[in-house]
Protein chains: 4
Amino acid sequence: MQRAGIAGATGYTGYELIALIHRHPELEVGWLTSERSAGKRFNQIFSTPWDYPLIPLADAYLRTDEVDVVFLCLPHAESMEAVKRFYGAGVRVIDLSADFRLKDVDVYKRWYGVEHSAPELCAEARYGLCELFRSQLGGAQLIASPGCYPTSVNLGLYPLAKAGWLGERVIVDSKSGISGAGRKTTLPFQFVEANENITAYSVGHRHRHIAEMEQVLGAANGEGRDHRFLFTPHLLPVNRGILSTMYVEAPAGVTEERIRELYEENYEGEPFIHLLPAGEQASLAHTVGTNRCAIAITAADPMLPEGGEFVISASIDNLIKGGSGQAVQSYNIAVGLDETAGLE
Amino acid sequence: MQRAGIAGATGYTGYELIALIHRHPELEVGWLTSERSAGKRFNQIFSTPWDYPLIPLADAYLRTDEVDVVFLCLPHAESMEAVKRFYGAGVRVIDLSADFRLKDVDVYKRWYGVEHSAPELCAEARYGLCELFRSQLGGAQLIASPGCYPTSVNLGLYPLAKAGWLGERVIVDSKSGISGAGRKTTLPFQFVEANENITAYSVGHRHRHIAEMEQVLGAANGEGRDHRFLFTPHLLPVNRGILSTMYVEAPAGVTEERIRELYEENYEGEPFIHLLPAGEQASLAHTVGTNRCAIAITAADPMLPEGGEFVISASIDNLIKGGSGQAVQSYNIAVGLDETAGLE
Amino acid sequence: MQRAGIAGATGYTGYELIALIHRHPELEVGWLTSERSAGKRFNQIFSTPWDYPLIPLADAYLRTDEVDVVFLCLPHAESMEAVKRFYGAGVRVIDLSADFRLKDVDVYKRWYGVEHSAPELCAEARYGLCELFRSQLGGAQLIASPGCYPTSVNLGLYPLAKAGWLGERVIVDSKSGISGAGRKTTLPFQFVEANENITAYSVGHRHRHIAEMEQVLGAANGEGRDHRFLFTPHLLPVNRGILSTMYVEAPAGVTEERIRELYEENYEGEPFIHLLPAGEQASLAHTVGTNRCAIAITAADPMLPEGGEFVISASIDNLIKGGSGQAVQSYNIAVGLDETAGLE
Amino acid sequence: MQRAGIAGATGYTGYELIALIHRHPELEVGWLTSERSAGKRFNQIFSTPWDYPLIPLADAYLRTDEVDVVFLCLPHAESMEAVKRFYGAGVRVIDLSADFRLKDVDVYKRWYGVEHSAPELCAEARYGLCELFRSQLGGAQLIASPGCYPTSVNLGLYPLAKAGWLGERVIVDSKSGISGAGRKTTLPFQFVEANENITAYSVGHRHRHIAEMEQVLGAANGEGRDHRFLFTPHLLPVNRGILSTMYVEAPAGVTEERIRELYEENYEGEPFIHLLPAGEQASLAHTVGTNRCAIAITAADPMLPEGGEFVISASIDNLIKGGSGQAVQSYNIAVGLDETAGLE
């Protein structure tokens with residue numbers, strides 16, 4: 001058994017990680033940190049019997065020898081320091097923040113408004129989107145686990161982009177369950193405000209998650225092709241799950257059937273990709289509670305034999321495939337376990 | 001047209017009041033107060049085109065001549081001072097707080113932990129449960145509008161209590177929509193916490209609303225009979241509505257049919273009481289969005305010809321019949337308008 | 001008082017119509033028809049005290065003298081015969097079905113797969129989108145009330161289209177509450193299936209509602225300009241409300257501010273259009289329970305000074321502005337009442 | 001690995017069973033039956049990649065050699081025949097219907113209105129409420145898995161009943177998620193009808209599940225003590241979970257603390273019982289997605305030192321601890337596995 005430390009354990013992602021670790025055959029919980037709730041027990045923070053002490057991060061830095069891997073569920077900008085400390089102490093790190101996802105620290109600064117304090121580790125970090133970068137993850141000591149929205153978009157469009165079939169203009173209309181906002185208590189996430197409601201946010205303000213789409217899909221074709229992502233997230237009145245409805249243009253000669261074959265080739269044998277048959281649309285019900293990504297492909301106009309517009313929809317559980325599940329999956333690959341361990 | 005001032009207008013009750021006033025043939029909005037949002041406009045606080053300025057209460061005290069009636073949607077304890085000021089200035093006051101509901105200021109102090117600063121006005125105030133105390137409301141200058149939970153319980157049990165048929169032990173299992181907690185941002189009312197969940201609260205801690213049940217139902221029979229209310233409120237994952245499921249014992253000889261007749265006699269011609277036929281149970285769908293109270297009566301054991309246990313269920317919209325609608329209804333009676341004006 | 005007959009009264013639209021008529025100062029309920037529930041009372045079908053008999057349509061044909069206007073809430077194709085009968089008997093008809101919305105009966109046949117049996121009445125019918133066709137509605141004897149999705153799209157894009165600023169490619173990502181599916185009992189609309197879920201449907205199958213978008217927006221500019229609507233409806237886990245997020249391209253020189261001014265000019269004084277200020281997005285909370293349409297305009301890239309992509313979002317209550325409210329609004333115009341009567 | 005057949009696999013219980021079997025280290029799916037969907041694949045019925053054929057029950061009778069255990073998720077009355085066939089063929093049977101839960105076939109007939117066709121197997125069957133009857137389950141060939149409501153009530157009250165402290169009158173106010181109604185398409189379970197609503201049902205009609213409460217709790221004290229259960233189930237607008245709020249009377253001298261100690265003794269070491277500390281109430285969040293039962297104990301009046309009324313609340317996931325999880329738990333005991341296998 002390997003022991004996992006979790007920093008920032010009292011958010012929804014931390015809770016989910018612990019649940020996954022409990023099911024994992026080779027992992028067990030080491031220490032848990034929380035700045036706000038240090039000194040309390042985990043079962044005072046959540047409705048659960050899991051009775052773990054919560055320690056401050058500063059204490060965790062002194063207890064690196066008690067764990068084999070650290071999962072960091074800290075806010076962006078705060079994660080940099082923690083990564084340096086744990087990585088420096090020789091502990092394997094899976095960072096769920098945005099801090100090490102972007103290869104270019106200037107791009108990081110532009111989107112997040114913060115100078116990166118560990119650019120050398122950015123180069124070191126592997127991007128933990130397992131289906132696309134599996135070969136880079138074996139043995140990895142530092143993994144940057146992808147954001148929730150980009151995971152749905154990148155898995156949903158990668159085969160198209162890699163084949164050079166993804167048009168320049170990409171419109172992504174995403175709907176996310178409210179756990180995506182974190183365990184916060186601001187008014188828009190209050191039950192009465194969010195329930196029986198839906199609204200777009202960050203419209204045209206260029207949501208930070210676009211950076212990961214540009215990094216992954218722009219490079220997919222090997223030619224650094226540019227796409228223009230018009231990404232509109234919506235606050236959906238469900239607890240968890242993301243559905244991204246994507247509007248893309250493919251070149252002449254490309255049919256819905258051809259695209260489906262392309263995806264089948266790309267994702268053959270992938271345990272967590274669920275390609276839907278013609279006529280079935282992706283829904284949250286396909287993926288919530290699982291580490292799967294469901295993908296549906298539909299020609300906008302079935303009368304046009306080829307080319308034109310397509311609607312690609314992709315759904316994931318934002319806390320599992322878009323968060324803790326993906327982190328565990330990349331850990332499994334890094335240490336050479338069965339990739340699905342604890343994730344079935 | 002009469003003009004209404006609303007103090008504490010930026011809670012859910014304030015919003016609902018404005019909506020009702022907009023539909024009311026004889027009322028229009030005067031000023032609105034808000035301590036936290038003074039200086040802003042109402043449509044910056046809610047998703048609405050209603051563009052009213054928000055002023056502090058202190059300013060409203062200087063503008064009593066601009067309004068004919070003031071509706072107070074202030075927290076308990078804070079309402080006392082405002083009632084004194086507005087009532088003293090000769091303005092009709094409908095107070096939606098708990099401050100003037102209890103006739104006995106010692107009882108008030110026991111439940112609310114605050115010394116009452118205007119006992120003489122407590123004696124003056126009329127309890128605005130219109131169906132039961134209509135005769136006391138004509139011309140009233142100060143009305144204490146009832147609490148949401150007690151409205152469902154008192155309307156649901158009054159005929160039984162008045163007939164002397166309500167047993168000593170009364171168990172009330174209430175479920176309330178989350179707007180009942182106010183427009184707050186504490187964790188239990190956050191979407192992800194409350195959605196797909198239900199939990200009891202204030203169990204056995206003797207919720208303050210019991211005082212109104214004791215005051216109304218204890219006196220109903222004219223003999224000051226004591227009942228023991230075991231009241232358990234639950235946080236229900238809906239925006240609005242209260243369902244109270246009540247377990248009572250009636251004396252020998254009393255059948256379900258006889259109770260239904262009793263209720264029909266008591267509530268004959270009441271525009272806002274919806275007595276359900278045998279076999280139909282009260283639901284939120286009966287009342288949400290309306291000023292109605294739906295009441296269902298069911299014998300616990302239909303095989304027992306008489307006496308024994310009964311289940312009485314009553315539903316209301318907590319923000320209308322349990323809040324702003326009832327306040328408008330009592331206003332209508334006080335000024336001699338059609339009781340249903342603006343409430344259809 | 002005028003009396004209204006409602007044919008097909010036991011769907012959600014019928015229920016909402018009765019609620020609106022109850023609030024209307026000049027309308028009252030005449031007869032109600034239902035084929036499946038004829039012989040029962042309305043309050044046996046819904047949780048309400050409204051106790052009206054339900055008669056078959058065949059009986060209603062014999063009682064045209066009892067009503068001044070008939071609202072038809074029948075399925076498409078079934079409405080044609082009823083319109084002929086009521087209109088022929090000299091009764092004013094507001095048809096909420098799709099049967100008389102499309103001017104071109106060939107277009108009707110193509111989308112609905114049925115030969116139109118009353119093409120002469122199609123020419124006669126006025127399209128009841130009040131804000132855009134008000135001048136055609138005064139005195140109208142036959143009004144075809146618009147579909148729910150097209151109402152949100154047409155109101156949201158008309159000023160752009162009229163100005164000739166609406167690009168050829170229009171992507172509409174709509175989310176609709178489940179009452180939009182009618183009071184049906186098929187599996188996808190079952191609580192457990194739809195709750196905590198979202199899914200697209202009719203993707204790329206060219207939803208019938210596109211025809212109304214083409215008819216209204218194509219003609220808006222006076223030049224019969226063609227647009228390509230890629231319309232994707234989604235099943236949203238809320239009872240009511242539609243949010244349409246629309247992705248459009250405007251010509252060079254057109255800024256977000258300029259578009260907002262354009263909308264302000266077009267919709268000046270409109271009682272039911274709520275134009276949102278810069279930075280605020282349309283939500284269901286803006287419109288559910290009202291006859292309003294809320295519209296927000298946002299430049300996709302605020303860094304680009306002019307032209308380019310815009311996100312227009314529009315929300316309505318599908319049962320009110322997208323159904324019964326709009327029908328009452330057009331009735332008010334037809335008979336010369338205050339347009340907002342019963343709709344405040 | 002052992003192979004499990006599932007009869008009636010296309011309901012929510014069947015789906016959940018398959019999910020649990022996938023996580024179970026020693027179980028795998030054999031065949032699945034469905035009468036209505038025979039010939040289709042499982043992934044055509046649910047939004048899942050699980051691609052199993054569905055066969056009719058008649059075919060399963062011929063394939064008993066392919067499975068080691070059969071889980072029956074059939075409607076009551078239909079299960080009797082299937083139990084006879086599979087048990088007769090020497091296959092271990094876990095029956096999730098009501099058919100073998102009641103020891104007394106006359107009681108069965110009274111509640112279910114059907115003559116029992118296999119009374120000898122009723123005597124043979126063990127009641128699979130693992131925490132209370134574990135000792136009877138080792139090696140069991142036929143297990144009747146308990147109902148969802150009774151599981152919450154029996155686990156919640158058993159220690160009190162066994163100690164002889166449970167008063168005669170027991171009031172159970174239960175709230176159940178809508179999956180409890182099965183995968184049906186009747187109107188009350190339609191999204192728009194159930195959402196934002198709550199209603200009691202089977203009030204005073206003596207719900208069939210009372211029989212299991214009487215059987216278990218009546219016998220708990222060894223003296224066959226009679227209790228009068230007034231049980232009121234409510235339809236709660238959530239997908240899954242049951243919360244039972246129970247009102248009981250305990251004898252003089254019994255304090256809340258004493259009851260909590262009693263429960264701790266009774267449930268010591270139980271992996272799936274979560275006794276809540278004083279002041280915490282049971283919620284669905286404690287148990288949904290798990291095989292746990294959370295139990296809270298609160299004195300109705302904390303001022304009374306002893307005796308009197310208590311509120312016991314218990315929550316479970318109706319599909320796991322109240323359904324498939326409990327069935328797997330009893331299977332684990334029967335075959336001598338770790339009781340928690342597949343259930344963590």
# chains A, B, ... in the order shown; residues from 1 in each chain; ligands from 1
call {"tool": "closest_atom_pairs", "arguments": {"of": "chain A", "to": "chain C", "cutoff": "9 Å", "atoms": "only C-alpha atoms", "output": "Markdown table"}}
result
| residue | atom | partner | partner_atom | distance |
| --- | --- | --- | --- | --- |
| A:Ile171 | CA | C:Tyr247 | CA | 8.1 |
| A:Asp173 | CA | C:Asp173 | CA | 7.3 |
| A:Lys175 | CA | C:Ile198 | CA | 8.5 |
| A:Gly177 | CA | C:Glu196 | CA | 8.5 |
| A:Glu193 | CA | C:Ala285 | CA | 7.9 |
| A:Ala194 | CA | C:Ala285 | CA | 8.8 |
| A:Asn195 | CA | C:Val238 | CA | 7.8 |
| A:Glu196 | CA | C:Val238 | CA | 4.8 |
| A:Asn197 | CA | C:Leu284 | CA | 5.0 |
| A:Ile198 | CA | C:Ser283 | CA | 5.6 |
| A:Thr199 | CA | C:Ser283 | CA | 4.5 |
| A:Ala200 | CA | C:Gln281 | CA | 6.2 |
| A:Tyr201 | CA | C:Gln281 | CA | 6.9 |
| A:Val203 | CA | C:Thr298 | CA | 6.9 |
| A:Gly204 | CA | C:Ala300 | CA | 4.0 |
| A:His205 | CA | C:Asp301 | CA | 6.9 |
| A:Arg206 | CA | C:Asp301 | CA | 7.4 |
| A:Leu230 | CA | C:Ala300 | CA | 6.8 |
| A:Phe231 | CA | C:Ala300 | CA | 8.8 |
| A:Thr232 | CA | C:Val311 | CA | 8.7 |
| A:Leu236 | CA | C:Leu236 | CA | 8.4 |
| A:Pro237 | CA | C:Pro237 | CA | 7.2 |
| A:Val238 | CA | C:Glu196 | CA | 4.8 |
| A:Asn239 | CA | C:Glu196 | CA | 6.9 |
| A:Arg240 | CA | C:Glu196 | CA | 7.7 |
| A:Gly241 | CA | C:Asn197 | CA | 8.0 |
| A:Ile242 | CA | C:Ile198 | CA | 9.0 |
| A:Leu243 | CA | C:Ile198 | CA | 7.3 |
| A:Thr245 | CA | C:Ala200 | CA | 8.1 |
| A:Tyr247 | CA | C:Ile171 | CA | 8.1 |
| A:Gly279 | CA | C:Val203 | CA | 8.6 |
| A:Glu280 | CA | C:Tyr201 | CA | 8.7 |
| A:Gln281 | CA | C:Ala200 | CA | 6.2 |
| A:Ala282 | CA | C:Thr199 | CA | 6.2 |
| A:Ser283 | CA | C:Thr199 | CA | 4.5 |
| A:Leu284 | CA | C:Asn197 | CA | 5.0 |
| A:Ala285 | CA | C:Asn197 | CA | 5.9 |
| A:Val288 | CA | C:Asn197 | CA | 8.8 |
| A:Thr298 | CA | C:Gly204 | CA | 6.4 |
| A:Ala299 | CA | C:Gly204 | CA | 5.8 |
| A:Ala300 | CA | C:Gly204 | CA | 4.0 |
| A:Asp301 | CA | C:Gly204 | CA | 5.3 |
| A:Pro302 | CA | C:Gly204 | CA | 6.8 |
| A:Glu309 | CA | C:Leu230 | CA | 8.5 |
| A:Phe310 | CA | C:Gly204 | CA | 8.0 |
| A:Val311 | CA | C:Val203 | CA | 7.5 |
| A:Ser313 | CA | C:Ala200 | CA | 8.3 |
call {"tool": "write_last_selection", "arguments": {"atoms": "C-alpha atoms", "output": "mmCIF file, in the first residue's frame"}}
result
data_model
loop_
_atom_site.group_PDB
_atom_site.id
_atom_site.type_symbol
_atom_site.label_atom_id
_atom_site.label_comp_id
_atom_site.auth_asym_id
_atom_site.auth_seq_id
_atom_site.Cartn_x
_atom_site.Cartn_y
_atom_site.Cartn_z
ATOM 1 C CA ILE A 171 -17.695 27.358 -30.553
ATOM 2 C CA ASP A 173 -21.171 25.959 -25.220
ATOM 3 C CA LYS A 175 -22.853 23.567 -19.001
ATOM 4 C CA GLY A 177 -22.803 21.477 -12.379
ATOM 5 C CA GLU A 193 -30.423 31.498 -6.759
ATOM 6 C CA ALA A 194 -29.076 28.595 -8.798
ATOM 7 C CA ASN A 195 -31.990 26.163 -8.658
ATOM 8 C CA GLU A 196 -34.541 26.351 -11.505
ATOM 9 C CA ASN A 197 -32.121 28.675 -13.245
ATOM 10 C CA ILE A 198 -29.360 28.702 -15.823
ATOM 11 C CA THR A 199 -27.074 31.488 -16.889
ATOM 12 C CA ALA A 200 -23.901 31.995 -18.876
ATOM 13 C CA TYR A 201 -20.867 33.530 -17.181
ATOM 14 C CA VAL A 203 -18.979 35.357 -21.675
ATOM 15 C CA GLY A 204 -16.529 36.924 -24.013
ATOM 16 C CA HIS A 205 -14.174 37.466 -21.117
ATOM 17 C CA ARG A 206 -12.037 34.680 -22.324
ATOM 18 C CA LEU A 230 -15.432 31.003 -28.399
ATOM 19 C CA PHE A 231 -16.102 29.338 -25.066
ATOM 20 C CA THR A 232 -19.243 30.063 -23.043
ATOM 21 C CA LEU A 236 -26.268 24.350 -14.600
ATOM 22 C CA PRO A 237 -28.589 23.482 -11.698
ATOM 23 C CA VAL A 238 -27.146 20.044 -10.974
ATOM 24 C CA ASN A 239 -24.543 19.008 -8.433
ATOM 25 C CA ARG A 240 -21.999 17.598 -10.826
ATOM 26 C CA GLY A 241 -21.223 16.963 -14.455
ATOM 27 C CA ILE A 242 -20.157 18.962 -17.488
ATOM 28 C CA LEU A 243 -21.730 18.816 -20.916
ATOM 29 C CA THR A 245 -21.777 21.135 -26.920
ATOM 30 C CA TYR A 247 -19.884 23.498 -33.008
ATOM 31 C CA GLY A 279 -28.155 9.083 -33.109
ATOM 32 C CA GLU A 280 -27.321 9.015 -29.397
ATOM 33 C CA GLN A 281 -26.392 12.287 -27.702
ATOM 34 C CA ALA A 282 -24.051 12.687 -24.749
ATOM 35 C CA SER A 283 -25.746 13.352 -21.413
ATOM 36 C CA LEU A 284 -24.588 13.742 -17.841
ATOM 37 C CA ALA A 285 -26.234 10.404 -17.105
ATOM 38 C CA VAL A 288 -21.695 11.259 -13.582
ATOM 39 C CA THR A 298 -23.611 14.525 -35.308
ATOM 40 C CA ALA A 299 -23.628 16.194 -38.701
ATOM 41 C CA ALA A 300 -25.508 19.471 -38.574
ATOM 42 C CA ASP A 301 -27.231 18.656 -41.797
ATOM 43 C CA PRO A 302 -27.610 14.936 -42.540
ATOM 44 C CA GLU A 309 -20.818 21.771 -39.703
ATOM 45 C CA PHE A 310 -20.782 19.174 -36.980
ATOM 46 C CA VAL A 311 -21.988 19.113 -33.424
ATOM 47 C CA SER A 313 -20.948 16.817 -27.531
#
call {"tool": "select_by_dssp", "arguments": {"residues": "range 109-280 of chain D", "states": "helix (DSSP H, G or I)", "output": "number ranges by chain"}}
result
D: 109-112, 119-124, 130-136, 148-162, 178-181, 187-189, 191-194, 210-220, 256-266
call {"tool": "residues_around", "arguments": {"residues": "range 180-187 of chain B", "least_positions_apart": "4", "cutoff": "6 Å", "atoms": "only C-alpha atoms", "output": "PyMOL selection string"}}
result
(chain A and resi 185-187) or (chain B and resi 11)
call {"tool": "residues_around", "arguments": {"residues": "Asp104 in chain A", "least_positions_apart": "2", "cutoff": "9 Å", "atoms": "only C-alpha atoms", "output": "list of chain:residue names"}}
result
A:Leu102, A:Asp106, A:Val107, A:Tyr108, A:Lys109, A:Pro119, A:Cys122, A:Ala123
call {"tool": "residues_around", "arguments": {"residues": "Thr290 in chain A", "least_positions_apart": "2", "cutoff": "8 Å", "atoms": "only C-alpha atoms", "output": "PyMOL selection string"}}
result
chain A and resi 287-288+292+317+320-321+343-344
call {"tool": "write_last_selection", "arguments": {"atoms": "N, CA and C atoms", "output": "PDB file, in the first residue's frame"}}
result
ATOM      1  N   THR A 287     -22.045   9.766 -17.614  1.00  0.00           N
ATOM      2  CA  THR A 287     -20.717   9.861 -16.996  1.00  0.00           C
ATOM      3  C   THR A 287     -20.698  10.219 -15.516  1.00  0.00           C
ATOM      4  N   VAL A 288     -21.759  10.838 -14.990  1.00  0.00           N
ATOM      5  CA  VAL A 288     -21.695  11.259 -13.582  1.00  0.00           C
ATOM      6  C   VAL A 288     -21.482  10.037 -12.681  1.00  0.00           C
ATOM      7  N   ARG A 292     -15.499   8.311 -16.815  1.00  0.00           N
ATOM      8  CA  ARG A 292     -15.624   8.246 -18.268  1.00  0.00           C
ATOM      9  C   ARG A 292     -15.848   9.610 -18.915  1.00  0.00           C
ATOM     10  N   ASP A 317     -17.860  13.736 -15.605  1.00  0.00           N
ATOM     11  CA  ASP A 317     -18.110  14.154 -14.232  1.00  0.00           C
ATOM     12  C   ASP A 317     -16.980  15.118 -13.874  1.00  0.00           C
ATOM     13  N   ILE A 320     -14.682  13.875 -11.146  1.00  0.00           N
ATOM     14  CA  ILE A 320     -13.941  12.615 -11.329  1.00  0.00           C
ATOM     15  C   ILE A 320     -13.046  12.756 -12.571  1.00  0.00           C
ATOM     16  N   LYS A 321     -13.588  12.529 -13.760  1.00  0.00           N
ATOM     17  CA  LYS A 321     -12.730  12.649 -14.948  1.00  0.00           C
ATOM     18  C   LYS A 321     -12.203  14.080 -15.072  1.00  0.00           C
ATOM     19  N   LEU A 343     -10.873   2.944 -10.132  1.00  0.00           N
ATOM     20  CA  LEU A 343     -11.697   3.858 -10.937  1.00  0.00           C
ATOM     21  C   LEU A 343     -12.874   3.161 -11.617  1.00  0.00           C
ATOM     22  N   GLU A 344     -13.048   1.891 -11.357  1.00  0.00           N
ATOM     23  CA  GLU A 344     -14.130   1.146 -12.020  1.00  0.00           C
ATOM     24  C   GLU A 344     -15.494   1.574 -11.456  1.00  0.00           C
TER      25      GLU A 344
END
call {"tool": "residues_around", "arguments": {"residues": "range 260-266 of chain A", "least_positions_apart": "3", "cutoff": "10 Å", "atoms": "only C-alpha atoms", "output": "VMD selection string"}}
result
chain A and resid 131 to 132 156 to 160 162 to 163 255 to 257 269 to 270 273 to 278 295 to 298
call {"tool": "residues_around", "arguments": {"residues": "Phe191 in chain C", "least_positions_apart": "5", "cutoff": "7 Å", "atoms": "only C-alpha atoms", "output": "PyMOL selection string"}}
result
chain D and resi 189-191+194
call {"tool": "select_by_dssp", "arguments": {"residues": "range 28-216 of chain B", "states": "strand (DSSP E)", "output": "ChimeraX atom specification"}}
result
/B:28-33,54-55,69-72,92-95,126-127,142-144,169-176,199-200
call {"tool": "atom_distance", "arguments": {"atom1": "CA of Asp51 in chain D", "atom2": "CA of Ser37 in chain D"}}
result
13.6 Å
